[in-house]
Each structure stands twice: as C-alpha cells, then as structure tokens.
Amino acid sequence: MALKIEKIDDCRWRIIKEGAMRTEGLIFASEQLMETLRHEQALEQVRNVATLPGIVGPSIAMPDIHWGYGFPIGGVAAFDPDEGIVSPGGVGYDINCGVRLLRSALNVEEVRPHLKNLADTLFRNVPAGIGSKRRDLKLTIAQERQVLQQGARWAVEHGFGNEEDLRHIEEGGVIPGADPDLISERALERGRAQLGTLGSGNHFLEVQRVDQIGDEKAAEALGLYPGQVTVTIHTGSRGFGYQVCDDYLRLMLRASQKYGIELPDRQLCCAPLSSPEGRQYLAAMACAANFAFANRQLITSWVRESFEQVFGKNAAELRLSVIYDVCHNIAKMETHQVAGRTRRLCVHRKGATRAFPPGHPETPEAYRHVGQPVLIPGDMGRYSYVLVGTQGAFEETFGSTCHGAGRMLSRHAAKKRARGHNIVAELAEQGIIIRAAGRATVAEEIPEAYKDVMDVVNVVQQAGIGKIVARLRPMAVIKG
DNA sequence: ATGTCC
C-alpha cells in the first residue's frame with residue numbers, strides 16, 4: 001500500500017495516519033534528502049512502528065534514516081508504560097552502540113609528524129575486526145557479571161580512567177536495573193574476551209582535528225577550539241549485545257502471540273512494558289548497554305596509553321578528557337512533557353541520539369548552560385559533527401536527533417563501487433591514514449556509501465532539534 | 001551490527 005506523505009515545511013514531512021496506524025509519521029528531511037527516501041522501505045517501517053500499541057506522539061524518522069531490522073535505523077518512538085510495548089527491534093542488534101569524544105591539549109601541527117606512529121600504536125593497542133578479542137583481559141564469568149551491573153564504573157574502579165570520565169557519559173555510564181541472571185550462557189561466553197575491542201562494520205577509532213566552530217559559546221563550554229586534536233570512539237556491545245538481542249527476539253515472538261499484539265512485520269515483535277517479558281528485556285538490555293559503556297571506557301584508557309607512548313608525555317600534559325559519551329541504540333524510561341502533562345515514557349532510539357536541552361538536570365554541569373553534547377560521526381573521508389541538544393528537540397522528538405550520515409549504498413553496492421579503487425591509498429593522498437583489520441570492511445565503508453553528514457546536520461539544525469557546535473576532520477582512522 | 005548459519 002502506497003504511503004500518503006505530505007510536506008509540512010522545508011524540513012518536515014508527515015505520513016498521514018490511516019489503516020492500522022495509531023499515530024502519524026513525522027520525517028525530518030530536506031526536499032533533496034526526501035527524494036532519496038521516497039521509495040525506501042524505511043518509510044514503510046516508520047508507518048509500521050506507528051501501529052504498535054501505546055505509542056505516544058508520532059513515529060519519528062531522522063534525516064539519516066535507512067532500512068533496519070523491523071524498526072528503521074534513524075527512528076524514535078515513545079511508549080506509554082501501561083499501554084505501550086518495548087521491542088528489541090526498536091533498539092537494534094548492537095545495543096548501546098554509541099559515540100565517545102575525547103579532547104586533547106595537542107594541536108594538529110604537534111600531531112602530524114607522529115601520525116603514522118600514532119595510527120600504528122592505536123591499531124596495536126585496540127583490537128579491531130569481527131571476532132576481535134583481548135588476550136590480556138579475558139574476564140571470568142563472575143567479573144563479567146560485575147561489568148554488566150556497573151558499566152563504565154567497573155572499568156574506572158579497575159584502574160581504567162577516572163571519576164571525571166563518568167560524569168561525562170550519558171546516565172553516568174551505567175543503566176540501572178541490569179540483571180545478569182537474565183543473560184544466556186552463550187552471551188556471557190561471547191562477551192568474555194570481547195570487552196575492550198572495537199569490532200567491525202561502521203565502528204571506528206579516529207584521530208581528528210577541529211576544523212570549524214559553529215557556536216563559540218558551546219565550543220568553549222565543551223573545551224573545543226580550531227586546530228585542536230580530538231579522538232572519537234564509535235563502538236557498542238559487540239557479540240554480547242548481538243546475542244542478547246537474538247535471545248530476546250525469540251522470547252518476544254512468543255510474547256507478541258501471548259499478549260495478542262498484531263504485528264504488520266514479525267521483526268517488530270515486542271511485549272507490553274508492564275509484562276514480565278517486557279521487564280526482562282529491559283533488564284537484559286541494560287546489561288548489554290553497560291557492557292558497551294565499559295567497552296568504550298576501556299578503549300579510552302588504551303587510547304590515552306597510546307598517546308603517552310607516542311608523544312612521550314604524561315596524562316596531565318596530554319589532557320585526553322572525555323567530552324561526552326552518548327548512546328544511539330537504546331530504549332530508556334525517561335520523563336517528558338506531552339501536551340502539558342509530565343509523563344514517564346519508554347523512548348526507543350535506534351540510530352538516534354539523545355539531545356537534551358540546556359538546563360536539563362541530566363546534562364553534565366559543565367554543559368548545562370549550552371545543552372547536552374551530541375556526537376554525529378560522518379564517513380571516514382569527510383567529517384564528523386559535534387552538536388548540542390535543544391529545547392526544540394525536547395518538545396518535538398522526545399529529546400532526540402540524528403546519529404550519523406546514513407547509508408546510501410548497501411554494503412554489497414558499496415563493495416561494487418569500490419572495485420578498482422585503492423581506498424586506503426586514495427584517502428592517504430588526502431592526508432588521512434587508514435589502519436584496518438580487513439579490506440572488505442574498508443570497501444563497505446567508502447565515503448560514497450554515505451550521505452554527506454553536513455546535509456543531515458543542516459536539516460537537524462534548521463528544524464531546531466540540534467545546534468551545530470563544531471566540525472571535525474579525520475586524520476587517522478582505525479577500522480575493523 | 002554479528003565467532004556474517006549451531
């Protein structure tokens with residue numbers, strides 16, 4: 001059935017409510033981005049999400065939306081705790097995939113002469129690639145269970161980082177209510193040697209330089225200035241989160257039947273938030289989210305160590321501090337204002353980033369006057385963006401915004417496009433050093449496979465659901 | 001995204 005789509009304004013479109021839809025769809029896109037989306041399955045997925053029980057407000061799509069498992073990637077949907085549901089497909093396989101940004105006291109001129117050495121050292125110290133493991137940190141199951149409950153705090157308490165880091169992570173780096181008893185043996189076994197590894201696909205570790213400032217006041221609050229060197233870590237919960245998602249999809253298929261939930265697509269399988277199955281998923285999901293927070297915290301520690309080795313400077317001189325760490329694949333109970341009423345809601349963000357406004361109590365004190373930092377990676381050839389959350393996002397999108405450039409070519413199409421090209425050499429000509437575990441991953445990740453992230457963040461800023469603070473250019477990229 | 005199918 002063809003979707004009925006109408007233009008609201010220069011950056012908003014509505015999927016008109018009809019049939020089994022309980023609410024309308026709201027798409028953030030420019031005219032130009034909408035042209036690329038119009039025939040995408042992803043928009044049907046926005047419509048499908050709108051049929052789910054207890055949805056509050058519209059089924060939302062960000063400008064970087066693309067097709068995902070059940071729910072679109074780049075989607076936001078909020079559900080009432082009594083009438084609504086929670087769905088693993090609304091979070092994604094990589095639970096708490098997220099981005100962490102570190103600033104440094106180094107500038108581009110100081111780093112450039114050591115860049116090759118830095119890339120090699122980072123590549124050696126942070127395992128990358130599918131199935132990558134750390135032989136030096138293989139946890140016992142008992143230790144792993146602690147990680148699942150304590151998240152980034154576990155890493156800090158074991159000598160990897162400091163209390164200051166924890167204050168600059170969404171939720172302080174630990175989601176409450178995690179219950180390791182709800183995790184399968186298989187998930188525990190897969191996760192055991194993967195803590196502190198980067199993974200594959202679009203995950204990366206990048207040394208960058210601050211290229212442009214969009215908002216002086218916010219940049220100053222975040223400690224960013226032109227020519228400064230930063231580091232971005234983009235990874236999630238690895239095979240652990242994948243296995244948790246897989247395990248719970250099975251449970252949710254049964255639960256959907258048990259509670260008589262009609263699904264336009266089996267991949268939307270879910271359970272009422274008020275049911276034992278719904279609560280179990282949230283408690284298991286919290287374990288995977290905490291695994292990912294610990295993962296990014298450990299990698300941060302090895303990034304610091306790598307810089308110390310390469311530059312022969314100590315931590316106090318390098319000042320590699322965490323600006324922020326934010327999730328873009330998660331479902332969380334949050335407090336929002338809906339039609340003038342304060343409500344607790346379960347907000348699913350799948351390929352969407354929390355973007356809380358200035359003054360929000362959950363924004364770290366150092367940033368409270370400017371808004372919560374929002375980290376938007378682009379492709380490895382162009383740039384990434386730092387934004388802050390806005391009141392507009394809080395009112396219109398449950399405090400959410402986009403999460404990246406958005407894939408334009410499938411992985412298969414990207415590999416075809418990359419044929420006959422030496423991507424690593426071509427990027428080296430532009431002064432960007434790539435160190436990758438596998439050639440295939442680099443081909444899948446060619447810059448042309450992605451939309452220009454600038455187009456995406458411009459829509460977000462124009463719509464008022466995010467404010468651009470700075471643009472970051474890649475210098476060295478570690479890939480899976 | 002993912003020991004890319006236990």
# chains A, B, ... in the order shown; residues from 1 in each chain; ligands from 1
>>> interface_residues(of="chain B", to="chain A", cutoff="10 Å", atoms="only C-alpha atoms (C1' of nucleotides)", output="short mmCIF file (atom, residue, chain, number, x, y, z; two decimals) with N, CA, C and O atoms (P, O5', C5', C4', C3', O3' and C1' of nucleotides), in the first residue's frame")
data_model
loop_
_atom_site.label_atom_id
_atom_site.label_comp_id
_atom_site.auth_asym_id
_atom_site.auth_seq_id
_atom_site.Cartn_x
_atom_site.Cartn_y
_atom_site.Cartn_z
P DA B 1 27.89 -0.86 11.29
"O5'" DA B 1 27.90 -2.26 12.03
"C5'" DA B 1 28.46 -2.34 13.33
"C4'" DA B 1 27.62 -3.26 14.15
"C3'" DA B 1 28.16 -4.69 14.26
"O3'" DA B 1 28.96 -4.77 15.44
"C1'" DA B 1 25.85 -4.68 13.74
P DT B 2 30.12 -5.70 15.66
"O5'" DT B 2 29.41 -7.10 15.39
"C5'" DT B 2 28.56 -7.70 16.36
"C4'" DT B 2 28.26 -9.08 15.87
"C3'" DT B 2 29.38 -9.68 15.03
"O3'" DT B 2 30.49 -10.03 15.81
"C1'" DT B 2 27.29 -10.09 14.00
P DG B 3 30.62 -11.32 16.80
"O5'" DG B 3 31.48 -12.30 15.88
"C5'" DG B 3 30.86 -13.24 15.09
"C4'" DG B 3 31.82 -14.38 14.92
"C3'" DG B 3 31.14 -15.63 14.34
"O3'" DG B 3 31.14 -15.48 12.92
"C1'" DG B 3 32.64 -16.20 16.09
P DT B 4 29.97 -16.11 11.95
"O5'" DT B 4 29.16 -14.82 11.41
"C5'" DT B 4 27.73 -14.80 11.30
"C4'" DT B 4 27.34 -14.07 10.05
"C3'" DT B 4 27.66 -14.82 8.75
"O3'" DT B 4 26.63 -15.71 8.39
"C1'" DT B 4 28.41 -12.56 8.62
#
>>> residues_around(residues="Lys416 (chain A)", least_positions_apart="5", cutoff="12 Å", atoms="only C-alpha atoms (C1' of nucleotides)", output="PyMOL selection string")
chain A and resi 409-411+421+440+443-446+448-449
>>> write_last_selection(atoms="N, CA and C atoms", output="mmCIF file, in the first residue's frame")
data_model
loop_
_atom_site.group_PDB
_atom_site.id
_atom_site.type_symbol
_atom_site.label_atom_id
_atom_site.label_comp_id
_atom_site.auth_asym_id
_atom_site.auth_seq_id
_atom_site.Cartn_x
_atom_site.Cartn_y
_atom_site.Cartn_z
ATOM 1 N N LEU A 409 24.386 3.569 -0.024
ATOM 2 C CA LEU A 409 24.574 2.340 -0.791
ATOM 3 C C LEU A 409 24.577 1.174 0.191
ATOM 4 N N SER A 410 23.978 0.048 -0.217
ATOM 5 C CA SER A 410 24.047 -1.165 0.601
ATOM 6 C C SER A 410 25.512 -1.596 0.673
ATOM 7 N N ARG A 411 25.801 -2.496 1.599
ATOM 8 C CA ARG A 411 27.196 -2.957 1.715
ATOM 9 C C ARG A 411 27.661 -3.610 0.430
ATOM 10 N N HIS A 421 39.344 0.484 -7.033
ATOM 11 C CA HIS A 421 39.864 1.604 -6.246
ATOM 12 C C HIS A 421 40.709 1.082 -5.094
ATOM 13 N N ALA A 440 37.737 -5.822 3.111
ATOM 14 C CA ALA A 440 36.319 -5.802 2.756
ATOM 15 C C ALA A 440 35.575 -4.698 3.517
ATOM 16 N N ALA A 443 36.113 -1.339 1.995
ATOM 17 C CA ALA A 443 35.318 -1.194 0.766
ATOM 18 C C ALA A 443 33.863 -0.870 1.106
ATOM 19 N N GLU A 444 33.318 -1.567 2.107
ATOM 20 C CA GLU A 444 31.921 -1.319 2.521
ATOM 21 C C GLU A 444 31.726 0.083 3.081
ATOM 22 N N GLU A 445 32.823 0.649 3.548
ATOM 23 C CA GLU A 445 32.763 1.937 4.238
ATOM 24 C C GLU A 445 33.253 3.104 3.384
ATOM 25 N N ILE A 446 33.401 2.910 2.083
ATOM 26 C CA ILE A 446 33.849 4.030 1.230
ATOM 27 C C ILE A 446 32.943 5.245 1.465
ATOM 28 N N GLU A 448 31.618 7.347 -0.409
ATOM 29 C CA GLU A 448 30.449 7.460 -1.310
ATOM 30 C C GLU A 448 29.280 6.582 -0.885
ATOM 31 N N ALA A 449 29.497 5.636 0.040
ATOM 32 C CA ALA A 449 28.398 4.787 0.504
ATOM 33 C C ALA A 449 27.455 5.559 1.424
#
>>> atom_distance(atom1="CA of Arg192 (chain A)", atom2="CA of Leu139 (chain A)")
5.5 Å
>>> select_by_dssp(residues="region 116-180 of chain A", states="helix (DSSP H, G or I)", output="ChimeraX atom specification")
/A:116-125,135-137,141-150,152-157,163-166,170-173,180
>>> closest_residue(among="A:Leu26, A:Ile65, A:Met252, A:Ala77", to="Arg349 (chain A)", atoms="only C-alpha atoms")
A:Ala77
>>> closest_atom_pairs(of="region 281-342 of chain A", to="region 168-172 of chain A", cutoff="9 Å", atoms="only C-alpha atoms", output="Markdown table")
| residue | atom | partner | partner_atom | distance |
| --- | --- | --- | --- | --- |
| A:Phe293 | CA | A:Ile169 | CA | 8.3 |
| A:Val322 | CA | A:His168 | CA | 6.3 |
| A:Ile323 | CA | A:His168 | CA | 6.2 |
| A:Tyr324 | CA | A:His168 | CA | 4.9 |
| A:Asp325 | CA | A:Ile169 | CA | 4.5 |
| A:Val326 | CA | A:Glu170 | CA | 5.4 |
| A:Cys327 | CA | A:Glu170 | CA | 7.2 |
>>> write_last_selection(atoms="all heavy atoms", output="PDB file, in the first residue's frame")
ATOM      1  N   PHE A 293      29.187   0.600  27.574  1.00  0.00           N
ATOM      2  CA  PHE A 293      29.795   1.732  28.294  1.00  0.00           C
ATOM      3  C   PHE A 293      31.183   1.335  28.803  1.00  0.00           C
ATOM      4  O   PHE A 293      32.143   2.107  28.718  1.00  0.00           O
ATOM      5  CB  PHE A 293      28.927   2.147  29.486  1.00  0.00           C
ATOM      6  CG  PHE A 293      27.731   3.005  29.143  1.00  0.00           C
ATOM      7  CD1 PHE A 293      26.487   2.744  29.707  1.00  0.00           C
ATOM      8  CD2 PHE A 293      27.852   4.104  28.295  1.00  0.00           C
ATOM      9  CE1 PHE A 293      25.385   3.546  29.425  1.00  0.00           C
ATOM     10  CE2 PHE A 293      26.748   4.913  28.005  1.00  0.00           C
ATOM     11  CZ  PHE A 293      25.512   4.638  28.575  1.00  0.00           C
ATOM     12  N   VAL A 322      37.302  13.155  28.538  1.00  0.00           N
ATOM     13  CA  VAL A 322      36.049  12.766  27.882  1.00  0.00           C
ATOM     14  C   VAL A 322      35.153  13.991  27.780  1.00  0.00           C
ATOM     15  O   VAL A 322      34.769  14.565  28.811  1.00  0.00           O
ATOM     16  CB  VAL A 322      35.322  11.656  28.679  1.00  0.00           C
ATOM     17  CG1 VAL A 322      33.997  11.293  28.004  1.00  0.00           C
ATOM     18  CG2 VAL A 322      36.200  10.429  28.832  1.00  0.00           C
ATOM     19  N   ILE A 323      34.833  14.425  26.563  1.00  0.00           N
ATOM     20  CA  ILE A 323      33.843  15.491  26.398  1.00  0.00           C
ATOM     21  C   ILE A 323      32.464  14.905  26.688  1.00  0.00           C
ATOM     22  O   ILE A 323      31.734  15.397  27.535  1.00  0.00           O
ATOM     23  CB  ILE A 323      33.900  16.108  24.979  1.00  0.00           C
ATOM     24  CG1 ILE A 323      35.223  16.898  24.830  1.00  0.00           C
ATOM     25  CG2 ILE A 323      32.688  17.006  24.730  1.00  0.00           C
ATOM     26  CD1 ILE A 323      35.373  17.594  23.496  1.00  0.00           C
ATOM     27  N   TYR A 324      32.143  13.813  25.991  1.00  0.00           N
ATOM     28  CA  TYR A 324      30.873  13.146  26.264  1.00  0.00           C
ATOM     29  C   TYR A 324      30.865  11.775  25.623  1.00  0.00           C
ATOM     30  O   TYR A 324      31.671  11.476  24.734  1.00  0.00           O
ATOM     31  CB  TYR A 324      29.695  13.987  25.741  1.00  0.00           C
ATOM     32  CG  TYR A 324      28.396  13.701  26.472  1.00  0.00           C
ATOM     33  CD1 TYR A 324      28.318  13.842  27.852  1.00  0.00           C
ATOM     34  CD2 TYR A 324      27.263  13.259  25.780  1.00  0.00           C
ATOM     35  CE1 TYR A 324      27.137  13.560  28.531  1.00  0.00           C
ATOM     36  CE2 TYR A 324      26.076  12.984  26.459  1.00  0.00           C
ATOM     37  CZ  TYR A 324      26.026  13.135  27.826  1.00  0.00           C
ATOM     38  OH  TYR A 324      24.862  12.857  28.503  1.00  0.00           O
ATOM     39  N   ASP A 325      29.934  10.938  26.083  1.00  0.00           N
ATOM     40  CA  ASP A 325      29.727   9.592  25.558  1.00  0.00           C
ATOM     41  C   ASP A 325      28.222   9.416  25.494  1.00  0.00           C
ATOM     42  O   ASP A 325      27.532   9.545  26.506  1.00  0.00           O
ATOM     43  CB  ASP A 325      30.373   8.575  26.515  1.00  0.00           C
ATOM     44  CG  ASP A 325      30.181   7.121  26.087  1.00  0.00           C
ATOM     45  OD1 ASP A 325      29.074   6.757  25.642  1.00  0.00           O
ATOM     46  OD2 ASP A 325      31.129   6.327  26.239  1.00  0.00           O
ATOM     47  N   VAL A 326      27.698   9.171  24.294  1.00  0.00           N
ATOM     48  CA  VAL A 326      26.249   9.154  24.123  1.00  0.00           C
ATOM     49  C   VAL A 326      25.805   7.925  23.312  1.00  0.00           C
ATOM     50  O   VAL A 326      26.484   7.509  22.379  1.00  0.00           O
ATOM     51  CB  VAL A 326      25.776  10.492  23.495  1.00  0.00           C
ATOM     52  CG1 VAL A 326      26.244  10.667  22.063  1.00  0.00           C
ATOM     53  CG2 VAL A 326      24.273  10.667  23.585  1.00  0.00           C
ATOM     54  N   CYS A 327      24.696   7.325  23.719  1.00  0.00           N
ATOM     55  CA  CYS A 327      24.159   6.126  23.065  1.00  0.00           C
ATOM     56  C   CYS A 327      23.348   6.521  21.826  1.00  0.00           C
ATOM     57  O   CYS A 327      22.684   7.548  21.832  1.00  0.00           O
ATOM     58  CB  CYS A 327      23.161   5.393  23.960  1.00  0.00           C
ATOM     59  SG  CYS A 327      23.525   5.343  25.699  1.00  0.00           S
TER      60      CYS A 327
END
>>> atom_distance(atom1="CA of Cys269 (chain A)", atom2="CA of Leu188 (chain A)")
23.8 Å
>>> atom_distance(atom1="CA of Val370 (chain A)", atom2="CA of Pro358 (chain A)")
5.1 Å
>>> closest_residue(among="A:Leu52, A:Ala61, A:Lys138, A:Ala315", to="Arg12 (chain A)", atoms="only C-alpha atoms")
A:Ala61
>>> closest_residue(among="A:Ser301, A:Gln337, A:Ser400, A:Asn314", to="Met62 (chain A)", atoms="only C-alpha atoms")
A:Ser400
>>> residues_around(residues="Ala119 (chain A)", least_positions_apart="6", cutoff="9 Å", atoms="only C-alpha atoms (C1' of nucleotides)", output="short mmCIF file (atom, residue, chain, number, x, y, z; two decimals) with N, CA, C and O atoms, in the first residue's frame")
data_model
loop_
_atom_site.label_atom_id
_atom_site.label_comp_id
_atom_site.auth_asym_id
_atom_site.auth_seq_id
_atom_site.Cartn_x
_atom_site.Cartn_y
_atom_site.Cartn_z
N GLU A 206 39.05 7.18 15.73
CA GLU A 206 39.55 8.19 14.80
C GLU A 206 40.26 9.33 15.52
O GLU A 206 39.75 9.85 16.51
N VAL A 207 41.43 9.70 14.99
CA VAL A 207 42.13 10.90 15.45
C VAL A 207 41.70 12.01 14.49
O VAL A 207 41.73 11.84 13.28
N ILE A 433 45.14 8.73 7.22
CA ILE A 433 45.75 7.41 7.36
C ILE A 433 44.71 6.41 7.83
O ILE A 433 44.01 6.65 8.83
N ILE A 434 44.58 5.28 7.10
CA ILE A 434 43.64 4.23 7.50
C ILE A 434 44.43 3.00 7.93
O ILE A 434 45.34 2.56 7.22
N ARG A 435 44.08 2.46 9.09
CA ARG A 435 44.62 1.16 9.51
C ARG A 435 43.41 0.26 9.74
O ARG A 435 42.57 0.57 10.60
N ALA A 476 43.53 10.20 11.22
CA ALA A 476 43.89 8.77 11.20
C ALA A 476 42.68 7.97 11.67
O ALA A 476 42.03 8.34 12.65
N VAL A 477 42.37 6.89 10.94
CA VAL A 477 41.18 6.09 11.25
C VAL A 477 41.57 4.63 11.47
O VAL A 477 42.23 4.03 10.60
N ILE A 478 41.16 4.07 12.60
CA ILE A 478 41.35 2.64 12.89
C ILE A 478 40.00 1.97 12.63
O ILE A 478 38.98 2.37 13.20
#
